[in-house]
Each structure stands twice: as C-alpha cells, then as structure tokens.
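Here is the structure we will look at, set down as structure tokens.
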Amino acid sequence: MSTAELDGISVAYDDLGTGLPLVLVHGHPFNRTMWRPQAERFGREGYRVVTADLRGYGETTVVPGKTGLDVFAADIARLADHLGLDRFVLGGLSMGGQIVMEFQRTYPDRVAGLLLADTSPQEETEEGKRVRNAMADRVLAEGIGPYADEVLTKMVSPTNVRTQPDVAAHVLRMMRTTPREGAAAALRGRAERPDYRETLAKVTVPSLIVVGTEDEYTPVSDAELMHELIPGSTLAVIEGAAHMPNLEREAEFNAVFARFLKEIG
C-alpha cells in the first residue's frame, strides 16, 4: 500500500505493473481490495493498475457530512496527477461506475476507455433520495454491520454465497469494515446524483459495459440502456453473477475485460 496527501486527505492506493494505465474505482460500501483479482492479473500482463480507497472508505481519510460524486471524481483526478497519469482507462462498479460517469463528464480528455460494471446512469428518484438519506441516518446510528448482513445475498447471489464462501467472506468483510461516517456521507451525496444519459451519448472512447444476470440493484436493463446510449460500446452479460461479477465470476469477467483492453492497446 502507498499513500498520497491530496487536498487535505490521505489517500491509500495500490499501484501495480507497468504499461497502459488502468484506474479502477470501487463501489459502496467496499474498498480497493474489491479489484484485487483484476489488479493482480492485469498488473502482470502489461498494464499499470491503480486502485484506491475512496475518501471515507478503507484506509483513506474519513470526511463526515456529504460527499458528492463530483468530489470523488476530483479526488481521482488529483491522484492521477500525483502519479503522473495524463490519460488512462477508467473503470468502476456500482457507485464506482457513477463516479466514472462523473469523471467522464468533467475530465473527458483524460479518459482513454471506459469500464462500467453493474451501474446505472439515471438520476436518483424522489423515493430513492428518501431511502438513501434514511439509510445514512441508520448507518450512523447502528453502524454498518446490520446493513451488511442484510444485503450480502444481493451483492453476491445466494448460490454464490453458498458455493464461494471465500468471495462472500471478502465482500462481507469489506462492508463491515467501512467507516459509518464515510458510508453515510457517500449515501447522502449519491442521493443528489445527476442524470448521466446525455453525457454517455457523447462518449467517443471505447467502452465496455458489464452486468451480472442476477443483479437486483442495477439489472440487465440498465446495462442495455447504457449500451444503447454509448456509440460503439460493448455489452457483456455475466451469467450466474449478481452485483459483483468481477469477484463472483472472476474468470469470465477477466476474459471480457482482457479482450476489451487488447482492442484498446
């Protein structure tokens, strides 16, 4: 692990390999170890893979209050500057995918390719805003443990929880160790996210969209919408995975990602 002091916070990150740079953004309520299988593989195969803990997550500084997607995107830009990365392939899952969309909107010239996994481009609904803010209140009051236990079988399919206990344990550990103040701040910020559909329609770089067939949070229809919006994009639907296909179906996910990266390279 390395750390960088950026805009008053200490950002924990891993930087593996050399070659075409990839920056991978984790979702909520996870941390950079979510991408460990991809970082280790592609770091050995001619890519420079950077994974960082977002502010409020993992080993990065916790900033209470409200953290918008624009703040997360600016943090990524500052880390890229710190590492000397001008242009890179940018990928994210779930909330990480929405941070990627915000980054693409704000810093389009820095993006060489997009990976959008199990995410959605639509703005939050009024009901969604209420639910996210209520969940932020709950997390602050109870801690994140009860929430983590409740959602495990949505993050990882029930079948995979039974047949891949190591994956389930990893996902549960990431969730349970997320600081409550960081999770609540992100929930409040994400409740105010904008609509990214117009942004996606203007994307001109190679783009890969991945989704698990059993994802309840961001179903296949959301992935199909992004595929329709982004000109020339590739859609990969991963059978037997829920919200975490990069962990639940690591081999299939990596194969799709590898083909995409070779096309860019």
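Quick note on naming: the chains in the structure tokens go A, B, ... in the order shown, residues restart at 1 in each chain, and ligands are numbered from 1 in order of appearance.
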
Dump as CSV the rows for residues of stretch 146-265 of chain A within 9 Å of stretch 112-130 of chain A: closest atom pair and distance in Å with one decimal, only C-alpha atoms counted, ordered by chain and rising residue number.
residue,atom,partner,partner_atom,distance
A:Arg188,CA,A:Lys129,CA,8.0
A:Arg190,CA,A:Glu124,CA,7.9
A:Ala191,CA,A:Lys129,CA,4.7
A:Glu192,CA,A:Glu124,CA,6.6
A:Arg193,CA,A:Glu123,CA,5.6
A:Pro194,CA,A:Glu123,CA,4.7
A:Asp195,CA,A:Glu123,CA,4.1
A:Tyr196,CA,A:Pro121,CA,4.9
A:Arg197,CA,A:Pro121,CA,5.8
A:Leu200,CA,A:Pro121,CA,8.2
A:Thr204,CA,A:Gly113,CA,8.8
A:Val205,CA,A:Gly113,CA,5.2
A:Pro206,CA,A:Gly113,CA,5.0
A:Ser207,CA,A:Leu114,CA,4.5
A:Leu208,CA,A:Leu115,CA,4.9
A:Ile209,CA,A:Leu116,CA,4.9
A:Val210,CA,A:Ala117,CA,4.6
A:Val211,CA,A:Asp118,CA,4.8
A:Gly212,CA,A:Asp118,CA,7.0
A:Asp215,CA,A:Asp118,CA,7.4
A:Tyr217,CA,A:Asp118,CA,8.0
A:Thr218,CA,A:Thr119,CA,5.5
A:Pro219,CA,A:Asp118,CA,7.5
A:Val220,CA,A:Asp118,CA,8.3
A:Asp222,CA,A:Ser120,CA,5.7
A:Ala223,CA,A:Asp118,CA,7.2
A:Leu225,CA,A:Pro121,CA,8.6
A:Met226,CA,A:Pro121,CA,7.2
A:Ala242,CA,A:Asp118,CA,8.7
A:His243,CA,A:Asp118,CA,6.1
A:Met244,CA,A:Asp118,CA,7.6
A:Pro245,CA,A:Asp118,CA,8.3
A:Asn246,CA,A:Ala117,CA,8.8
A:Phe257,CA,A:Leu115,CA,8.3
A:Leu261,CA,A:Gly113,CA,8.7
A:Ile264,CA,A:Gly113,CA,7.5

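Proximity to A:Thr51 was assessed for A:Gly65, A:Gly96, A:Pro158, A:Pro29 counting only C-alpha atoms; the smallest distance is recorded for A:Gly96.
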
Exercise for the section: Write out as a PyMOL selection string the residues lying within 9 Å of A:Gly240, counting only C-alpha atoms and excluding same-chain residues fewer than 4 positions away. Expected result: chain A and resi 157+159-160+212-214+245+248-249

Restrict the selected residues to N, CA and C atoms and save them as a PDB file, in the first residue's frame.
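Output below, filename out.pdb:
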ATOM      1  N   SER A 157     -24.821 -13.396  -5.286  1.00  0.00           N
ATOM      2  CA  SER A 157     -26.038 -14.195  -5.398  1.00  0.00           C
ATOM      3  C   SER A 157     -26.086 -15.260  -4.306  1.00  0.00           C
ATOM      4  N   THR A 159     -26.684 -18.333  -4.416  1.00  0.00           N
ATOM      5  CA  THR A 159     -25.957 -19.539  -4.823  1.00  0.00           C
ATOM      6  C   THR A 159     -24.456 -19.355  -4.631  1.00  0.00           C
ATOM      7  N   ASN A 160     -23.940 -18.194  -5.011  1.00  0.00           N
ATOM      8  CA  ASN A 160     -22.515 -17.951  -4.880  1.00  0.00           C
ATOM      9  C   ASN A 160     -22.084 -17.774  -3.434  1.00  0.00           C
ATOM     10  N   GLY A 212     -24.121  -8.505 -14.167  1.00  0.00           N
ATOM     11  CA  GLY A 212     -24.481  -9.861 -13.794  1.00  0.00           C
ATOM     12  C   GLY A 212     -25.954 -10.128 -14.047  1.00  0.00           C
ATOM     13  N   THR A 213     -26.275 -11.327 -14.491  1.00  0.00           N
ATOM     14  CA  THR A 213     -27.666 -11.654 -14.815  1.00  0.00           C
ATOM     15  C   THR A 213     -28.580 -11.574 -13.598  1.00  0.00           C
ATOM     16  N   GLU A 214     -28.033 -11.744 -12.397  1.00  0.00           N
ATOM     17  CA  GLU A 214     -28.855 -11.782 -11.193  1.00  0.00           C
ATOM     18  C   GLU A 214     -28.762 -10.499 -10.371  1.00  0.00           C
ATOM     19  N   PRO A 245     -19.792  -9.187 -10.311  1.00  0.00           N
ATOM     20  CA  PRO A 245     -19.318 -10.205 -11.254  1.00  0.00           C
ATOM     21  C   PRO A 245     -17.800 -10.332 -11.312  1.00  0.00           C
ATOM     22  N   GLU A 248     -17.539 -12.738  -8.302  1.00  0.00           N
ATOM     23  CA  GLU A 248     -18.358 -13.948  -8.380  1.00  0.00           C
ATOM     24  C   GLU A 248     -18.004 -14.817  -9.583  1.00  0.00           C
ATOM     25  N   ARG A 249     -17.673 -14.163 -10.681  1.00  0.00           N
ATOM     26  CA  ARG A 249     -17.288 -14.867 -11.915  1.00  0.00           C
ATOM     27  C   ARG A 249     -15.992 -14.239 -12.425  1.00  0.00           C
TER      28      ARG A 249
END

Practice task
Compile the contact shell of stretch 3-15 of chain A as a list of chain:residue names: residues with an atom at most 7 Å away, counting only C-alpha atoms, same-chain residues fewer than 3 positions apart removed.
Solution key: A:Arg48, A:Val49, A:Val50, A:Thr51, A:Ala52, A:Asp53, A:Glu59, A:Thr60, A:Thr61, A:Arg78

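Note that the spacing between atom CA of A:Met101 and atom CA of A:Ala73 amounts to 8.9 Å.
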
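Relative to atom CA of A:Gly265, atom CA of A:Leu93 is found at 22.1 Å.
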
Problem - Between atom CA of A:Val25 and atom CA of A:Val89, distance in Å (one decimal) - result: 11.1 Å

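Proximity to A:Pro64 at 10 Å, evaluated using only C-alpha atoms and with sequence-adjacent residues fewer than 6 positions away removed, yields Arg55, Gly56, Pro179, Arg180, Glu181, Gly182, Ala183, Ala184, Ala185 and Ala186 of chain A.
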
Problem - For A:Asp70, the nearest of the candidates A:Gly46, A:Asn133, A:Phe103, A:Gly84, counting only C-alpha atoms - result: A:Phe103

Exercise for the section: Assign secondary structure with DSSP using the backbone only, and return the residues of stretch 70-145 of chain A in helix (DSSP H, G or I) as a PyMOL selection string. Expected result: chain A and resi 70-83+95-106+108-110+126-142+145
